[in-house]
Amino acid sequence: MPANPSASTPRHIGEREFIALMAMMMALQALGIDAMLPALGEIARDLAVADPNQRQLVVGVFLFAAGFGSLLPGSLADRYGRRPVLLTCFAAYIVMAIGCALVSSFTMLLVLRALMAIASAGLAVLPSAIIRDRFGGDRMARMMSTIIVVFMFVPMIAPSFGQAVLLVASWRWIFGGMAAMGLVVGAWMYWRLPETLNPEYRQPIALGSIARNMWDTAKDRTAFGYAMGGAMLTAAMFGYINSSQQLIAEHFGAGDKFPLIFALISAGMAVANFSNSRIVERFGARRVSHAALLAFIALSAVQVWQAFQPGETLWQFVPLMAANICLLGFIGANFGSIALQPFARFAGAASSFQSFLRMAVGALLGGLIGQAFDGSPRPLVFAFLATGLIALILVLYSERGRLFRRLIPPGQARPVAEPGVH
């Protein structure tokens, strides 16, 4: 049953269509990130960027701005509803994508990329709130994992889309494709998704109310530890994305095969989320994510050892990286569901604040990881190990030193929390 039985829930949109729509809304942000990877070199040449590492700013600025952009849409959606805020975000996303296609300087591209990222933040944040409007507990984690399975197809193929555009046109047409995709998904959402916010849960737009809701989110021990733990692992992922083109295409010499290799590595996360959606209600989000986190740390240690062996090859690097990216698929959705669970009555504000933590902290640290690229995989694999260990410490803080707990047995209803009472 939905977590909030009295909420206005969609009647004319089936579960499969709902999953696909939520996934495609979230994927627009991923498209804005990953489709650019094959074009970074051409953008740098066309816009006269001298420092090779500066090209990473096309991705890094987007990620960082998306983190700060995550703070606002949830609170607005808690007041005005999910639909009006989503439609505004779609419109801004399309306009900024067109603007990026027309720029004449690298600085202007970065400015418009930042604005586009802020617009995309609502598209990434609000699906979690919409899902929380309808589901709770491990079922929410299962739904999130199922949505991420569908969502992952876009970041898997996005570099191939960018590469395909470059074969026939300028990098500017990649942004044209983003605008077209935003228009299609926005129209789908407009015609098929009804409002899901319970009218009784509408929050006033007042700085005090917004600050109080976000403070309630921040001071919850469980929520904060899991949100920050997720931010650490997001930083590892963003560090990989920032440096992947230089590392795989240039250092390991993959060249034009980079989009295919990127897709193969990303496929592991899709497989993991599919598997997670099938097992999480049976074993619980905590047990699955804790086991995956410990495995992630162990595998990262192996990656560090391998990076110091002479003559590491592409096909030695790729399987271990793919395995660790796969493990992130068993962690991300479960961490997010655990962190958001206490906040049924202001899920939008809570989702915004937690997305801000994940994106802003992840983008900042991920940017530093990317800028540390020295022509070898060592900075990246060290970062994987360090962020995994920090995430474990944060989880232990949330769980008061106990791992693998199951708080709610399968099939037992989880009560809806009151504001400020967790």
# chains A, B, ... in the order shown; residues from 1 in each chain; ligands from 1
call {"tool": "closest_atom_pairs", "arguments": {"of": "segment 170-208 of chain A", "to": "segment 104-125 of chain A", "cutoff": "12 Å", "atoms": "only C-alpha atoms", "output": "tab-separated table"}}
result
residue	atom	partner	partner_atom	distance
A:Arg172	CA	A:Ser104	CA	10.7
A:Phe175	CA	A:Arg113	CA	10.3
A:Met178	CA	A:Met116	CA	10.6
A:Ala179	CA	A:Met116	CA	10.6
A:Gly182	CA	A:Ser120	CA	9.8
A:Val185	CA	A:Leu123	CA	10.5
A:Gly186	CA	A:Leu123	CA	9.9
A:Met189	CA	A:Leu123	CA	10.9
call {"tool": "residues_around", "arguments": {"residues": "Met25 of chain A", "least_positions_apart": "4", "cutoff": "12 Å", "atoms": "only C-alpha atoms", "output": "NGL selection string"}}
result
:A and (18-21 or 29-32 or 86-87 or 89-90 or 93 or 119-128 or 130 or 147-148 or 150-152 or 154 or 181-190 or 193)
call {"tool": "closest_residue", "arguments": {"among": "A:Gln309, A:Val49, A:Met232, A:Asp34", "to": "Phe161 of chain A", "atoms": "only C-alpha atoms"}}
result
A:Asp34
call {"tool": "closest_residue", "arguments": {"among": "A:Glu42, A:Glu250, A:Asp256, A:Glu281", "to": "Met140 of chain A", "atoms": "only C-alpha atoms"}}
result
A:Glu281
call {"tool": "closest_residue", "arguments": {"among": "A:Phe404, A:Phe373, A:Phe335, A:Tyr226", "to": "His290 of chain A", "atoms": "only C-alpha atoms"}}
result
A:Phe404
call {"tool": "residues_around", "arguments": {"residues": "Arg378 of chain A", "least_positions_apart": "6", "cutoff": "9 Å", "atoms": "only C-alpha atoms", "output": "VMD selection string"}}
result
chain A and resid 303 to 304 307 to 308
call {"tool": "write_last_selection", "arguments": {"atoms": "C-alpha atoms", "output": "mmCIF file, in the first residue's frame"}}
result
data_model
loop_
_atom_site.group_PDB
_atom_site.id
_atom_site.type_symbol
_atom_site.label_atom_id
_atom_site.label_comp_id
_atom_site.auth_asym_id
_atom_site.auth_seq_id
_atom_site.Cartn_x
_atom_site.Cartn_y
_atom_site.Cartn_z
ATOM 1 C CA GLN A 303 42.510 -1.558 -7.374
ATOM 2 C CA VAL A 304 45.105 0.450 -5.463
ATOM 3 C CA ALA A 307 47.616 0.529 -9.984
ATOM 4 C CA PHE A 308 51.139 0.234 -8.598
#
call {"tool": "atom_distance", "arguments": {"atom1": "atom CA of Val381 of chain A", "atom2": "atom CA of Ile279 of chain A"}}
result
28.9 Å
call {"tool": "select_by_dssp", "arguments": {"residues": "segment 195-250 of chain A", "states": "alpha helix (DSSP H)", "output": "MDAnalysis selection string"}}
result
chainID A and resid 207:219 221:244
call {"tool": "closest_residue", "arguments": {"among": "A:Phe135, A:Met228, A:Met36, A:Ile265", "to": "Trp173 of chain A", "atoms": "only C-alpha atoms"}}
result
A:Met36
call {"tool": "residues_around", "arguments": {"residues": "Ile331 of chain A", "least_positions_apart": "3", "cutoff": "7 Å", "atoms": "only C-alpha atoms", "output": "PDB file with N, CA and C atoms, in the first residue's frame"}}
result
ATOM      1  N   SER A 289      22.914  -3.007   1.340  1.00  0.00           N
ATOM      2  CA  SER A 289      23.856  -1.908   1.115  1.00  0.00           C
ATOM      3  C   SER A 289      25.097  -2.037   1.983  1.00  0.00           C
ATOM      4  N   ALA A 292      27.368  -4.581   0.346  1.00  0.00           N
ATOM      5  CA  ALA A 292      27.964  -4.019  -0.869  1.00  0.00           C
ATOM      6  C   ALA A 292      29.051  -3.008  -0.535  1.00  0.00           C
ATOM      7  N   LEU A 293      28.853  -2.219   0.518  1.00  0.00           N
ATOM      8  CA  LEU A 293      29.855  -1.227   0.899  1.00  0.00           C
ATOM      9  C   LEU A 293      31.152  -1.894   1.344  1.00  0.00           C
ATOM     10  N   LEU A 327      28.924  -2.486  -7.682  1.00  0.00           N
ATOM     11  CA  LEU A 327      28.621  -2.471  -6.249  1.00  0.00           C
ATOM     12  C   LEU A 327      27.923  -1.175  -5.844  1.00  0.00           C
ATOM     13  N   LEU A 328      28.270  -0.063  -6.497  1.00  0.00           N
ATOM     14  CA  LEU A 328      27.584   1.196  -6.195  1.00  0.00           C
ATOM     15  C   LEU A 328      26.092   1.094  -6.477  1.00  0.00           C
ATOM     16  N   ASN A 334      19.554   2.270  -2.065  1.00  0.00           N
ATOM     17  CA  ASN A 334      19.238   1.874  -0.693  1.00  0.00           C
ATOM     18  C   ASN A 334      19.619   2.956   0.305  1.00  0.00           C
ATOM     19  N   PHE A 335      20.794   3.558   0.145  1.00  0.00           N
ATOM     20  CA  PHE A 335      21.178   4.674   1.010  1.00  0.00           C
ATOM     21  C   PHE A 335      20.160   5.813   0.889  1.00  0.00           C
TER      22      PHE A 335
END
call {"tool": "closest_residue", "arguments": {"among": "A:Ile369, A:Met237, A:Val288, A:Ala363", "to": "Met321 of chain A", "atoms": "only C-alpha atoms"}}
result
A:Met237
call {"tool": "residues_around", "arguments": {"residues": "Ser351 of chain A", "least_positions_apart": "4", "cutoff": "7 Å", "atoms": "only C-alpha atoms", "output": "PyMOL selection string"}}
result
chain A and resi 74+125+128-129+340+347+355
call {"tool": "write_last_selection", "arguments": {"atoms": "C-alpha atoms", "output": "PDB file, in the first residue's frame"}}
result
ATOM      1  CA  GLY A  74      11.787  20.397  -3.323  1.00  0.00           C
ATOM      2  CA  VAL A 125      15.199  15.655  -7.108  1.00  0.00           C
ATOM      3  CA  SER A 128      12.323  10.781  -5.288  1.00  0.00           C
ATOM      4  CA  ALA A 129       9.696  12.942  -3.603  1.00  0.00           C
ATOM      5  CA  LEU A 340      14.508   9.798   2.984  1.00  0.00           C
ATOM      6  CA  ALA A 347       9.580  14.711   1.361  1.00  0.00           C
ATOM      7  CA  SER A 355      20.286  15.731  -3.034  1.00  0.00           C
TER       8      SER A 355
END
call {"tool": "atom_distance", "arguments": {"atom1": "atom CA of Leu389 of chain A", "atom2": "atom CA of Gln354 of chain A"}}
result
20.2 Å
call {"tool": "atom_distance", "arguments": {"atom1": "atom CA of Pro342 of chain A", "atom2": "atom CA of Arg221 of chain A"}}
result
10.8 Å
call {"tool": "decode", "arguments": {"residues": "segment 177-192 of chain A", "atoms": "N, CA, C and O atoms", "output": "PDB file, in the first residue's frame"}}
result
ATOM      1  N   GLY A 177      20.154  17.799 -29.317  1.00  0.00           N
ATOM      2  CA  GLY A 177      19.522  16.542 -28.944  1.00  0.00           C
ATOM      3  C   GLY A 177      18.989  16.567 -27.524  1.00  0.00           C
ATOM      4  O   GLY A 177      17.912  16.016 -27.242  1.00  0.00           O
ATOM      5  N   MET A 178      19.715  17.224 -26.608  1.00  0.00           N
ATOM      6  CA  MET A 178      19.231  17.348 -25.232  1.00  0.00           C
ATOM      7  C   MET A 178      17.934  18.154 -25.177  1.00  0.00           C
ATOM      8  O   MET A 178      16.995  17.801 -24.443  1.00  0.00           O
ATOM      9  N   ALA A 179      17.887  19.246 -25.941  1.00  0.00           N
ATOM     10  CA  ALA A 179      16.673  20.065 -25.958  1.00  0.00           C
ATOM     11  C   ALA A 179      15.490  19.264 -26.490  1.00  0.00           C
ATOM     12  O   ALA A 179      14.376  19.338 -25.951  1.00  0.00           O
ATOM     13  N   ALA A 180      15.718  18.483 -27.545  1.00  0.00           N
ATOM     14  CA  ALA A 180      14.639  17.670 -28.109  1.00  0.00           C
ATOM     15  C   ALA A 180      14.156  16.622 -27.117  1.00  0.00           C
ATOM     16  O   ALA A 180      12.946  16.403 -26.956  1.00  0.00           O
ATOM     17  N   MET A 181      15.092  15.979 -26.418  1.00  0.00           N
ATOM     18  CA  MET A 181      14.707  14.978 -25.422  1.00  0.00           C
ATOM     19  C   MET A 181      13.929  15.617 -24.284  1.00  0.00           C
ATOM     20  O   MET A 181      12.936  15.061 -23.792  1.00  0.00           O
ATOM     21  N   GLY A 182      14.361  16.804 -23.838  1.00  0.00           N
ATOM     22  CA  GLY A 182      13.632  17.504 -22.785  1.00  0.00           C
ATOM     23  C   GLY A 182      12.212  17.822 -23.199  1.00  0.00           C
ATOM     24  O   GLY A 182      11.270  17.716 -22.397  1.00  0.00           O
ATOM     25  N   LEU A 183      12.024  18.200 -24.461  1.00  0.00           N
ATOM     26  CA  LEU A 183      10.682  18.512 -24.955  1.00  0.00           C
ATOM     27  C   LEU A 183       9.788  17.275 -24.961  1.00  0.00           C
ATOM     28  O   LEU A 183       8.623  17.329 -24.540  1.00  0.00           O
ATOM     29  N   VAL A 184      10.339  16.147 -25.388  1.00  0.00           N
ATOM     30  CA  VAL A 184       9.551  14.910 -25.455  1.00  0.00           C
ATOM     31  C   VAL A 184       9.134  14.450 -24.063  1.00  0.00           C
ATOM     32  O   VAL A 184       7.958  14.142 -23.806  1.00  0.00           O
ATOM     33  N   VAL A 185      10.104  14.388 -23.131  1.00  0.00           N
ATOM     34  CA  VAL A 185       9.792  13.902 -21.781  1.00  0.00           C
ATOM     35  C   VAL A 185       8.884  14.889 -21.050  1.00  0.00           C
ATOM     36  O   VAL A 185       7.977  14.494 -20.306  1.00  0.00           O
ATOM     37  N   GLY A 186       9.101  16.198 -21.275  1.00  0.00           N
ATOM     38  CA  GLY A 186       8.232  17.196 -20.647  1.00  0.00           C
ATOM     39  C   GLY A 186       6.786  17.061 -21.101  1.00  0.00           C
ATOM     40  O   GLY A 186       5.855  17.168 -20.291  1.00  0.00           O
ATOM     41  N   ALA A 187       6.591  16.816 -22.390  1.00  0.00           N
ATOM     42  CA  ALA A 187       5.216  16.621 -22.891  1.00  0.00           C
ATOM     43  C   ALA A 187       4.600  15.358 -22.307  1.00  0.00           C
ATOM     44  O   ALA A 187       3.400  15.329 -21.950  1.00  0.00           O
ATOM     45  N   TRP A 188       5.382  14.297 -22.196  1.00  0.00           N
ATOM     46  CA  TRP A 188       4.908  13.047 -21.588  1.00  0.00           C
ATOM     47  C   TRP A 188       4.460  13.292 -20.155  1.00  0.00           C
ATOM     48  O   TRP A 188       3.368  12.873 -19.750  1.00  0.00           O
ATOM     49  N   MET A 189       5.297  13.975 -19.387  1.00  0.00           N
ATOM     50  CA  MET A 189       4.955  14.258 -18.002  1.00  0.00           C
ATOM     51  C   MET A 189       3.685  15.130 -17.917  1.00  0.00           C
ATOM     52  O   MET A 189       2.809  14.889 -17.072  1.00  0.00           O
ATOM     53  N   TYR A 190       3.566  16.136 -18.794  1.00  0.00           N
ATOM     54  CA  TYR A 190       2.420  17.040 -18.751  1.00  0.00           C
ATOM     55  C   TYR A 190       1.107  16.291 -18.972  1.00  0.00           C
ATOM     56  O   TYR A 190       0.112  16.550 -18.281  1.00  0.00           O
ATOM     57  N   TRP A 191       1.095  15.334 -19.910  1.00  0.00           N
ATOM     58  CA  TRP A 191      -0.148  14.656 -20.260  1.00  0.00           C
ATOM     59  C   TRP A 191      -0.457  13.467 -19.365  1.00  0.00           C
ATOM     60  O   TRP A 191      -1.632  13.087 -19.258  1.00  0.00           O
ATOM     61  N   ARG A 192       0.532  12.875 -18.705  1.00  0.00           N
ATOM     62  CA  ARG A 192       0.298  11.589 -18.055  1.00  0.00           C
ATOM     63  C   ARG A 192       0.474  11.569 -16.539  1.00  0.00           C
ATOM     64  O   ARG A 192      -0.023  10.654 -15.886  1.00  0.00           O
TER      65      ARG A 192
END
